[in-house]
file data19.txt (compact mmCIF, C-alpha atoms and all ligand atoms)
# COMPACT_ATOMS: atom_id res chain seq x y z
CA MET F 28 191.68 -58.25 20.37
CA SER F 29 191.32 -57.72 16.64
CA GLN F 30 193.09 -60.59 14.95
CA ALA F 31 193.61 -58.85 11.61
CA GLY F 32 197.30 -58.48 10.87
CA VAL F 33 198.45 -60.22 14.08
CA ARG F 34 201.70 -61.96 13.21
CA LEU F 35 203.47 -63.73 16.06
CA VAL F 36 206.53 -65.88 16.49
CA PHE F 37 206.45 -68.37 19.38
CA LEU F 38 210.06 -68.98 20.33
CA GLY F 39 211.35 -71.45 22.91
CA ALA F 40 212.92 -74.82 23.49
CA PRO F 41 211.19 -78.06 22.52
CA GLY F 42 208.60 -78.80 25.20
CA ALA F 43 208.20 -75.20 26.41
CA GLY F 44 204.50 -75.21 25.43
CA LYS F 45 204.52 -73.34 22.10
CA GLY F 46 202.17 -75.74 20.32
CA THR F 47 199.76 -75.91 23.26
CA GLN F 48 199.53 -72.11 23.43
CA ALA F 49 199.35 -71.68 19.65
CA LYS F 50 196.37 -74.03 19.53
CA ALA F 51 194.68 -72.16 22.43
CA PHE F 52 195.18 -68.87 20.56
CA GLN F 53 193.93 -70.30 17.31
CA GLU F 54 190.75 -71.48 19.04
CA LYS F 55 190.09 -68.27 20.98
CA PHE F 56 191.16 -65.58 18.55
CA SER F 57 191.15 -67.27 15.13
CA VAL F 58 194.82 -66.53 14.55
CA PRO F 59 195.99 -69.64 12.69
CA GLN F 60 198.93 -71.70 13.93
CA ILE F 61 201.63 -72.57 11.43
CA SER F 62 203.73 -75.34 12.98
CA THR F 63 206.79 -76.33 10.95
CA GLY F 64 207.03 -79.59 12.93
CA ASP F 65 203.42 -80.53 12.04
CA ILE F 66 203.93 -79.61 8.36
CA LEU F 67 207.14 -81.66 8.22
CA ARG F 68 205.55 -84.68 9.94
CA THR F 69 202.66 -84.58 7.44
CA ASN F 70 205.21 -84.55 4.60
CA VAL F 71 207.07 -87.49 6.16
CA ALA F 72 203.82 -89.46 6.59
CA LYS F 73 202.85 -88.82 2.95
CA GLY F 74 206.33 -89.62 1.66
CA THR F 75 206.65 -86.35 -0.29
CA PRO F 76 210.10 -85.32 -1.63
CA LEU F 77 210.40 -82.84 1.28
CA GLY F 78 209.38 -85.54 3.79
CA LEU F 79 211.93 -87.98 2.39
CA LYS F 80 214.70 -85.38 2.75
CA ALA F 81 213.61 -84.24 6.24
CA LYS F 82 213.03 -87.60 7.96
CA SER F 83 216.58 -88.58 8.91
CA PHE F 84 217.28 -85.16 10.45
CA MET F 85 214.06 -85.26 12.46
CA ASP F 86 214.64 -88.80 13.69
CA ALA F 87 218.12 -87.85 14.91
CA GLY F 88 216.97 -84.67 16.70
CA ASP F 89 218.81 -82.39 14.24
CA LEU F 90 217.37 -79.46 12.34
CA VAL F 91 216.20 -79.91 8.76
CA PRO F 92 218.51 -77.82 6.50
CA ASP F 93 217.68 -74.10 6.27
CA ASP F 94 217.18 -74.03 2.48
CA LEU F 95 214.38 -76.63 2.67
CA ILE F 96 212.66 -74.90 5.60
CA ILE F 97 212.92 -71.42 4.10
CA ALA F 98 211.43 -72.57 0.76
CA MET F 99 208.63 -74.35 2.63
CA MET F 100 207.81 -71.26 4.71
CA GLU F 101 207.93 -68.88 1.76
CA SER F 102 205.18 -70.89 0.14
CA GLU F 103 203.19 -71.12 3.44
CA LEU F 104 203.29 -67.41 4.25
CA GLY F 105 202.58 -65.81 0.88
CA GLY F 106 198.98 -64.56 0.82
CA ARG F 107 198.40 -64.89 4.59
CA ASP F 108 197.69 -61.91 6.82
CA SER F 109 197.68 -63.32 10.38
CA TYR F 110 199.43 -66.26 11.94
CA ILE F 111 201.39 -67.72 14.81
CA LEU F 112 204.69 -69.21 13.74
CA ASP F 113 205.32 -72.21 15.99
CA GLY F 114 208.78 -73.73 15.55
CA PHE F 115 210.06 -71.23 12.97
CA PRO F 116 212.51 -69.54 12.80
CA ARG F 117 214.96 -71.88 14.54
CA THR F 118 218.28 -70.51 13.25
CA VAL F 119 219.64 -67.01 12.62
CA ALA F 120 219.64 -67.76 8.85
CA GLN F 121 215.90 -68.60 9.06
CA ALA F 122 215.21 -65.41 11.05
CA GLU F 123 217.02 -63.33 8.44
CA ALA F 124 215.08 -65.02 5.62
CA LEU F 125 211.82 -64.35 7.50
CA ASP F 126 212.73 -60.67 7.93
CA ALA F 127 213.49 -60.36 4.22
CA LEU F 128 210.22 -62.09 3.25
CA LEU F 129 208.07 -59.99 5.60
CA THR F 130 209.72 -56.78 4.41
CA ARG F 131 208.95 -57.82 0.82
CA LEU F 132 205.32 -58.54 1.75
CA GLY F 133 205.02 -55.33 3.83
CA HIS F 134 203.98 -57.49 6.81
CA PRO F 135 205.96 -56.66 9.97
CA LEU F 136 205.80 -59.00 12.97
CA THR F 137 203.58 -57.96 15.90
CA ALA F 138 205.67 -59.68 18.58
CA VAL F 139 208.05 -62.53 19.29
CA VAL F 140 207.00 -64.45 22.39
CA GLN F 141 209.89 -66.17 24.20
CA PHE F 142 208.80 -69.11 26.40
CA ASP F 143 211.19 -69.26 29.36
CA CYS F 144 211.29 -72.76 30.83
CA ASP F 145 213.90 -74.75 32.75
CA ARG F 146 215.62 -77.89 31.49
CA GLU F 147 214.10 -80.27 34.01
CA ALA F 148 210.56 -79.19 33.07
CA LEU F 149 211.34 -79.49 29.33
CA ILE F 150 212.51 -83.08 29.73
CA ALA F 151 209.50 -84.02 31.89
CA ARG F 152 207.11 -82.40 29.41
CA LEU F 153 208.62 -84.00 26.30
CA THR F 154 208.99 -87.50 27.69
CA GLY F 155 205.37 -87.47 28.95
CA ARG F 156 203.90 -85.85 25.82
CA TRP F 157 201.16 -87.57 23.81
CA THR F 158 200.27 -86.23 20.36
CA ASN F 159 197.40 -86.62 17.93
CA PRO F 160 199.36 -87.28 14.71
CA ARG F 161 196.49 -85.96 12.55
CA THR F 162 195.96 -82.59 14.26
CA GLY F 163 199.17 -82.06 16.24
CA ARG F 164 197.20 -81.48 19.46
CA THR F 165 199.22 -82.59 22.47
CA TYR F 166 198.46 -83.91 25.93
CA HIS F 167 200.63 -84.85 28.88
CA SER F 168 200.24 -88.04 30.86
CA GLU F 169 200.49 -86.07 34.13
CA PHE F 170 200.11 -82.31 33.47
CA ASN F 171 197.35 -82.34 30.86
CA PRO F 172 195.84 -85.81 30.50
CA PRO F 173 193.05 -86.59 28.03
CA ARG F 174 189.64 -87.53 29.46
CA VAL F 175 190.12 -91.13 28.27
CA ALA F 176 193.71 -92.49 28.23
CA GLY F 177 195.08 -92.77 24.68
CA ILE F 178 192.16 -90.92 23.02
CA ASP F 179 192.01 -87.27 21.85
CA ASP F 180 189.19 -85.33 23.60
CA ASP F 181 188.38 -83.34 20.41
CA ALA F 182 188.95 -85.55 17.45
CA GLY F 183 188.37 -88.89 19.19
CA GLY F 184 191.28 -90.55 17.42
CA PRO F 185 194.25 -92.28 19.03
CA ILE F 186 197.11 -90.24 20.51
CA VAL F 187 200.68 -91.52 20.40
CA GLN F 188 204.13 -90.78 21.81
CA ARG F 189 206.39 -89.28 19.12
CA LYS F 190 209.53 -91.34 18.44
CA ASP F 191 211.66 -88.21 18.89
CA ASP F 192 210.18 -87.67 22.37
CA SER F 193 212.31 -90.59 23.63
CA ARG F 194 214.87 -89.61 26.31
CA GLU F 195 217.86 -90.04 23.92
CA VAL F 196 216.47 -87.93 21.05
CA VAL F 197 215.20 -85.31 23.52
CA ALA F 198 218.78 -84.86 24.76
CA GLU F 199 219.92 -84.28 21.14
CA ARG F 200 217.07 -81.86 20.44
CA LEU F 201 217.88 -79.79 23.53
CA ALA F 202 221.57 -79.66 22.54
CA THR F 203 220.53 -78.56 19.03
CA TYR F 204 218.31 -75.88 20.59
CA ASP F 205 221.19 -74.54 22.73
CA GLU F 206 223.53 -74.36 19.78
CA LYS F 207 221.30 -73.12 16.95
CA THR F 208 218.04 -71.64 18.30
CA ALA F 209 218.92 -70.03 21.66
CA PRO F 210 220.90 -67.25 19.88
CA LEU F 211 217.58 -66.02 18.42
CA VAL F 212 216.63 -64.56 21.81
CA ALA F 213 219.44 -62.01 21.50
CA TYR F 214 218.63 -61.53 17.79
CA TYR F 215 215.03 -60.53 18.58
CA GLU F 216 215.91 -58.60 21.74
CA GLY F 217 217.67 -56.18 19.42
CA THR F 218 214.48 -55.59 17.41
CA GLY F 219 212.32 -54.55 20.39
CA LEU F 220 209.76 -57.24 19.44
CA LEU F 221 210.61 -59.71 22.20
CA VAL F 222 208.15 -60.48 24.99
CA ARG F 223 209.31 -62.98 27.64
CA ILE F 224 206.77 -65.31 29.22
CA ASP F 225 207.15 -67.53 32.28
CA ALA F 226 206.34 -70.87 30.62
CA LEU F 227 206.67 -72.79 33.90
CA LYS F 228 203.23 -71.64 35.02
CA PRO F 229 200.12 -73.78 34.45
CA ILE F 230 198.74 -73.80 30.87
CA ASP F 231 195.82 -71.38 31.51
CA GLU F 232 198.04 -68.87 33.27
CA VAL F 233 200.55 -68.90 30.42
CA THR F 234 197.68 -68.30 27.95
CA ALA F 235 196.50 -65.31 30.01
CA GLU F 236 200.02 -63.89 30.23
CA ILE F 237 200.57 -64.12 26.48
CA PHE F 238 197.19 -62.62 25.73
CA ALA F 239 197.80 -59.65 28.06
CA ALA F 240 201.23 -59.04 26.51
CA ILE F 241 199.93 -59.18 22.93
CA GLU F 242 196.97 -56.97 23.71
CA ALA F 243 199.20 -54.36 25.36
CA ARG F 244 201.43 -54.42 22.31
CA THR F 245 198.66 -54.17 19.67
CA LYS F 246 197.06 -51.30 21.65
CA ALA F 247 200.40 -49.53 21.90
CA VAL F 248 200.77 -49.82 18.11
CA ARG F 249 197.24 -48.46 17.49
CA THR F 250 197.56 -45.42 19.82
P1 LIG A 1 206.33 -77.33 22.24
O1 LIG A 1 205.36 -77.11 21.11
O2 LIG A 1 206.98 -76.06 22.72
O3 LIG A 1 207.34 -78.39 21.93
P2 LIG A 1 204.03 -78.52 23.60
O4 LIG A 1 203.00 -77.45 23.53
O5 LIG A 1 203.87 -79.68 22.71
O6 LIG A 1 205.51 -77.87 23.50
O7 LIG A 1 204.07 -79.00 25.14
C1 LIG A 1 204.97 -80.03 25.55
C2 LIG A 1 204.27 -80.93 26.58
O8 LIG A 1 204.09 -80.20 27.79
C3 LIG A 1 202.87 -81.42 26.18
O9 LIG A 1 202.72 -82.70 26.68
C4 LIG A 1 201.93 -80.42 26.88
O10 LIG A 1 200.68 -81.03 27.22
C5 LIG A 1 202.71 -80.06 28.13
N1 LIG A 1 202.57 -78.65 28.53
C6 LIG A 1 202.44 -77.57 27.73
N2 LIG A 1 202.36 -76.43 28.46
C7 LIG A 1 202.45 -76.81 29.77
C8 LIG A 1 202.41 -76.10 31.01
N3 LIG A 1 202.30 -74.77 31.04
N4 LIG A 1 202.52 -76.82 32.15
C9 LIG A 1 202.64 -78.18 32.12
N5 LIG A 1 202.67 -78.91 30.98
C10 LIG A 1 202.58 -78.24 29.81
P1 LIG A 2 208.90 -79.38 19.25
O1 LIG A 2 207.44 -79.04 19.20
O2 LIG A 2 209.13 -80.45 20.25
O3 LIG A 2 209.76 -78.19 19.45
P2 LIG A 2 208.76 -79.66 16.42
O4 LIG A 2 207.53 -80.45 16.17
O5 LIG A 2 208.65 -78.18 16.30
O6 LIG A 2 209.30 -80.03 17.87
O7 LIG A 2 209.92 -80.13 15.48
C1 LIG A 2 210.22 -81.50 15.28
C2 LIG A 2 211.42 -81.62 14.37
O8 LIG A 2 211.13 -81.04 13.09
C3 LIG A 2 212.67 -80.88 14.85
O9 LIG A 2 213.44 -81.65 15.76
C4 LIG A 2 213.40 -80.64 13.53
O10 LIG A 2 214.06 -81.82 13.06
C5 LIG A 2 212.26 -80.36 12.56
N1 LIG A 2 211.96 -78.90 12.47
C6 LIG A 2 210.82 -78.28 12.86
N2 LIG A 2 210.90 -76.96 12.61
C7 LIG A 2 212.11 -76.74 12.05
C8 LIG A 2 212.79 -75.57 11.59
N3 LIG A 2 212.23 -74.35 11.66
N4 LIG A 2 214.04 -75.73 11.09
C9 LIG A 2 214.62 -76.95 11.00
N5 LIG A 2 214.04 -78.07 11.42
C10 LIG A 2 212.79 -77.98 11.95
call {"tool": "encode", "arguments": {"input": "data19.txt", "output": "structure tokens", "more": "lines below"}}
Ligand code: ADP
Ligand code: ADP
result
Amino acid sequence: MSQAGVRLVFLGAPGAGKGTQAKAFQEKFSVPQISTGDILRTNVAKGTPLGLKAKSFMDAGDLVPDDLIIAMMESELGGRDSYILDGFPRTVAQAEALDALLTRLGHPLTAVVQFDCDREALIARLTGRWTNPRTGRTYHSEFNPPRVAGIDDDAGGPIVQRKDDSREVVAERLATYDEKTAPLVAYYEGTGLLVRIDALKPIDEVTAEIFAAIEARTKAVRT
């Protein structure tokens, strides 16, 4: 697969595996991941003006207001050719702003990958998730454990459980997803860009399924 000009959106509920697959893609095909959650958490950790505004929403499992996210993404995307958007857009207003920006840049999306996953699996994945706060790489205590408990295989640093992966905040985040983000599936279905993936499969099988779908799509565009 030629990675030039590959622009993907990974869409799906919290815990569906978007970050895991975005990192696998980044490693294999050099298409960089842009994770709004990771960018926001870095801003919170550094105490930037954006981080100070975003923190209370994130802690409560709500979305950070659209105007802040859209401004942040406009500055991230300008000047980039290829990327995987992980965690953006999350509202119809964000999707419309992304469309307008990409039209302005002359950069259409290649595909929008929808991760289909059931509620029970999402809760089990989020409540057992361990994250490297520096790199955003995640593990799972049962489904994808690190070689040494509590330590990242790659970076060697400690991995932690995110505060918003507690059972209570997870319930809020899933309710927020149903209300604000789930409507994006219908939004993108109308554009013909949507590819649905069975995210319940094991990690390697999901990677293979996404790769096959993207390759079929980029070939179809070239021929
Ligand atoms: P998202 O970015 O969509 O919130 P993550 O990629 O962080 O989701 O994955 C959530 C949790 O589920 C992590 O602990 C990850 O290791 C685990 N996970 C990801 N994909 C799978 C999968 N296909 N099967 C089982 N566990 C998975
Ligand atoms: P997950 O990987 O579990 O889906 P994220 O790391 O993507 O979670 O997001 C964590 C939190 O950051 C969200 O609950 C929300 O408060 C905020 N956030 C991330 N992306 C967005 C976005 N596009 N719009 C609004 N808020 C966002």
call {"tool": "atom_distance", "arguments": {"input": "data19.txt", "atom1": "atom CA of Asp225 of chain F", "atom2": "atom CA of Arg34 of chain F"}}
result
20.6 Å
call {"tool": "residues_near_ligand", "arguments": {"input": "data19.txt", "ligand": "ligand LIG 2 (chain A)", "cutoff": "8 Å", "atoms": "all atoms listed in the file", "output": "MDAnalysis selection string"}}
result
chainID F and resid 39:46 62:65 67:68 81:82 84:93 96 113:118 121 153 191:192 200
call {"tool": "residues_near_ligand", "arguments": {"input": "data19.txt", "ligand": "ligand LIG 1 (chain A)", "cutoff": "9 Å", "atoms": "only C-alpha atoms and all ligand atoms", "output": "PyMOL selection string"}}
result
chain F and resi 37-50+62+64+113-114+142+148-149+151-158+163-172+225-234
call {"tool": "atom_distance", "arguments": {"input": "data19.txt", "atom1": "atom CA of Asn70 of chain F", "atom2": "atom CA of Val187 of chain F"}}
result
17.9 Å
call {"tool": "closest_residue", "arguments": {"input": "data19.txt", "among": "F:Ala138, F:Val36, F:Ala98, F:Ala209", "to": "Thr245 of chain F", "atoms": "all atoms listed in the file"}}
result
F:Ala138
call {"tool": "closest_residue", "arguments": {"input": "data19.txt", "among": "F:Asp108, F:Leu35, F:Glu206, F:Tyr214", "to": "Ala240 of chain F", "atoms": "all atoms listed in the file"}}
result
F:Leu35
call {"tool": "atom_distance", "arguments": {"input": "data19.txt", "atom1": "atom CA of Val212 of chain F", "atom2": "atom CA of Glu199 of chain F"}}
result
20.0 Å
call {"tool": "residues_near_point", "arguments": {"input": "data19.txt", "point": "(190.1, -67.5, 24.0)", "cutoff": "12 Å", "atoms": "only C-alpha atoms", "output": "VMD selection string"}}
result
chain F and resid 28 30 48 to 58 231 234 to 235 237 to 239
call {"tool": "closest_residue", "arguments": {"input": "data19.txt", "among": "F:Ile150, F:Asp179, F:Val140, F:Gln60", "to": "Glu103 of chain F", "atoms": "only C-alpha atoms"}}
result
F:Gln60
call {"tool": "residues_near_point", "arguments": {"input": "data19.txt", "point": "(197.6, -57.0, 12.5)", "cutoff": "12 Å", "atoms": "all atoms listed in the file", "output": "ChimeraX atom specification"}}
result
/F:28-35,58,107-111,133-138,241-242,244-246,248-249
call {"tool": "decode", "arguments": {"input": "data19.txt", "residues": "segment 222-236 of chain F", "atoms": "all heavy atoms", "output": "tab-separated table (two decimals), in the first residue's frame"}}
result
chain	number	residue	atom	x	y	z
F	222	VAL	N	-16.59	2.11	5.84
F	222	VAL	CA	-16.23	0.69	5.80
F	222	VAL	C	-16.48	0.16	7.19
F	222	VAL	O	-15.97	0.72	8.16
F	222	VAL	CB	-14.72	0.55	5.49
F	222	VAL	CG1	-14.30	-0.90	5.58
F	222	VAL	CG2	-14.34	1.15	4.16
F	223	ARG	N	-17.28	-0.90	7.32
F	223	ARG	CA	-17.57	-1.44	8.66
F	223	ARG	C	-16.68	-2.64	8.94
F	223	ARG	O	-16.52	-3.51	8.09
F	223	ARG	CB	-19.03	-1.86	8.76
F	223	ARG	CG	-19.99	-0.71	8.59
F	223	ARG	CD	-21.41	-1.14	8.88
F	223	ARG	NE	-21.69	-0.93	10.28
F	223	ARG	CZ	-22.68	-0.15	10.72
F	223	ARG	NH1	-23.48	0.45	9.88
F	223	ARG	NH2	-22.87	0.02	12.01
F	224	ILE	N	-16.13	-2.65	10.15
F	224	ILE	CA	-15.18	-3.69	10.56
F	224	ILE	C	-15.74	-4.40	11.79
F	224	ILE	O	-16.27	-3.73	12.68
F	224	ILE	CB	-13.83	-3.02	10.91
F	224	ILE	CG1	-13.21	-2.34	9.70
F	224	ILE	CG2	-12.85	-3.96	11.57
F	224	ILE	CD1	-12.81	-3.29	8.61
F	225	ASP	N	-15.57	-5.72	11.85
F	225	ASP	CA	-15.98	-6.46	13.04
F	225	ASP	C	-14.89	-6.35	14.09
F	225	ASP	O	-13.91	-7.11	14.07
F	225	ASP	CB	-16.23	-7.93	12.66
F	225	ASP	CG	-16.62	-8.77	13.87
F	225	ASP	OD1	-16.76	-8.19	14.98
F	225	ASP	OD2	-16.78	-9.99	13.71
F	226	ALA	N	-15.07	-5.40	15.02
F	226	ALA	CA	-14.02	-5.10	16.02
F	226	ALA	C	-14.00	-6.08	17.17
F	226	ALA	O	-13.19	-5.95	18.08
F	226	ALA	CB	-14.21	-3.67	16.54
F	227	LEU	N	-14.90	-7.08	17.14
F	227	LEU	CA	-14.91	-8.09	18.21
F	227	LEU	C	-13.85	-9.16	17.99
F	227	LEU	O	-13.52	-9.91	18.90
F	227	LEU	CB	-16.28	-8.77	18.25
F	227	LEU	CG	-17.36	-8.02	19.01
F	227	LEU	CD1	-18.70	-8.71	18.83
F	227	LEU	CD2	-17.03	-7.91	20.49
F	228	LYS	N	-13.30	-9.22	16.79
F	228	LYS	CA	-12.28	-10.23	16.49
F	228	LYS	C	-10.98	-9.92	17.23
F	228	LYS	O	-10.78	-8.78	17.67
F	228	LYS	CB	-12.01	-10.23	14.99
F	228	LYS	CG	-13.16	-10.79	14.17
F	228	LYS	CD	-12.73	-10.81	12.72
F	228	LYS	CE	-13.79	-11.34	11.81
F	228	LYS	NZ	-13.49	-11.00	10.40
F	229	PRO	N	-10.06	-10.90	17.29
F	229	PRO	CA	-8.77	-10.62	17.92
F	229	PRO	C	-8.00	-9.50	17.19
F	229	PRO	O	-8.24	-9.26	15.98
F	229	PRO	CB	-8.02	-11.95	17.79
F	229	PRO	CG	-9.09	-12.98	17.58
F	229	PRO	CD	-10.21	-12.29	16.87
F	230	ILE	N	-7.09	-8.84	17.90
F	230	ILE	CA	-6.41	-7.64	17.39
F	230	ILE	C	-5.81	-7.87	16.00
F	230	ILE	O	-6.03	-7.05	15.09
F	230	ILE	CB	-5.33	-7.19	18.41
F	230	ILE	CG1	-6.03	-6.67	19.68
F	230	ILE	CG2	-4.42	-6.11	17.81
F	230	ILE	CD1	-5.10	-6.32	20.83
F	231	ASP	N	-5.07	-8.95	15.80
F	231	ASP	CA	-4.39	-9.17	14.50
F	231	ASP	C	-5.39	-9.35	13.37
F	231	ASP	O	-5.15	-8.92	12.24
F	231	ASP	CB	-3.51	-10.42	14.56
F	231	ASP	CG	-2.30	-10.17	15.43
F	231	ASP	OD1	-2.08	-9.01	15.83
F	231	ASP	OD2	-1.59	-11.16	15.72
F	232	GLU	N	-6.51	-9.99	13.67
F	232	GLU	CA	-7.52	-10.19	12.62
F	232	GLU	C	-8.19	-8.88	12.24
F	232	GLU	O	-8.51	-8.65	11.08
F	232	GLU	CB	-8.58	-11.21	13.07
F	232	GLU	CG	-8.01	-12.63	13.13
F	232	GLU	CD	-9.05	-13.65	13.58
F	232	GLU	OE1	-10.24	-13.49	13.27
F	232	GLU	OE2	-8.65	-14.60	14.26
F	233	VAL	N	-8.40	-8.02	13.23
F	233	VAL	CA	-8.99	-6.71	12.93
F	233	VAL	C	-8.01	-5.92	12.05
F	233	VAL	O	-8.40	-5.30	11.05
F	233	VAL	CB	-9.33	-5.93	14.22
F	233	VAL	CG1	-9.88	-4.55	13.89
F	233	VAL	CG2	-10.35	-6.70	15.07
F	234	THR	N	-6.72	-5.97	12.40
F	234	THR	CA	-5.71	-5.25	11.59
F	234	THR	C	-5.78	-5.73	10.13
F	234	THR	O	-5.80	-4.91	9.20
F	234	THR	CB	-4.28	-5.51	12.12
F	234	THR	OG1	-4.25	-5.24	13.52
F	234	THR	CG2	-3.25	-4.64	11.43
F	235	ALA	N	-5.85	-7.06	9.95
F	235	ALA	CA	-5.86	-7.61	8.59
F	235	ALA	C	-7.13	-7.17	7.84
F	235	ALA	O	-7.07	-6.83	6.65
F	235	ALA	CB	-5.78	-9.14	8.65
F	236	GLU	N	-8.24	-7.14	8.56
F	236	GLU	CA	-9.51	-6.75	7.91
F	236	GLU	C	-9.46	-5.28	7.47
F	236	GLU	O	-9.89	-4.95	6.36
F	236	GLU	CB	-10.65	-7.00	8.90
F	236	GLU	CG	-12.00	-7.11	8.23
F	236	GLU	CD	-13.14	-7.41	9.22
F	236	GLU	OE1	-12.94	-8.20	10.16
F	236	GLU	OE2	-14.22	-6.82	9.04
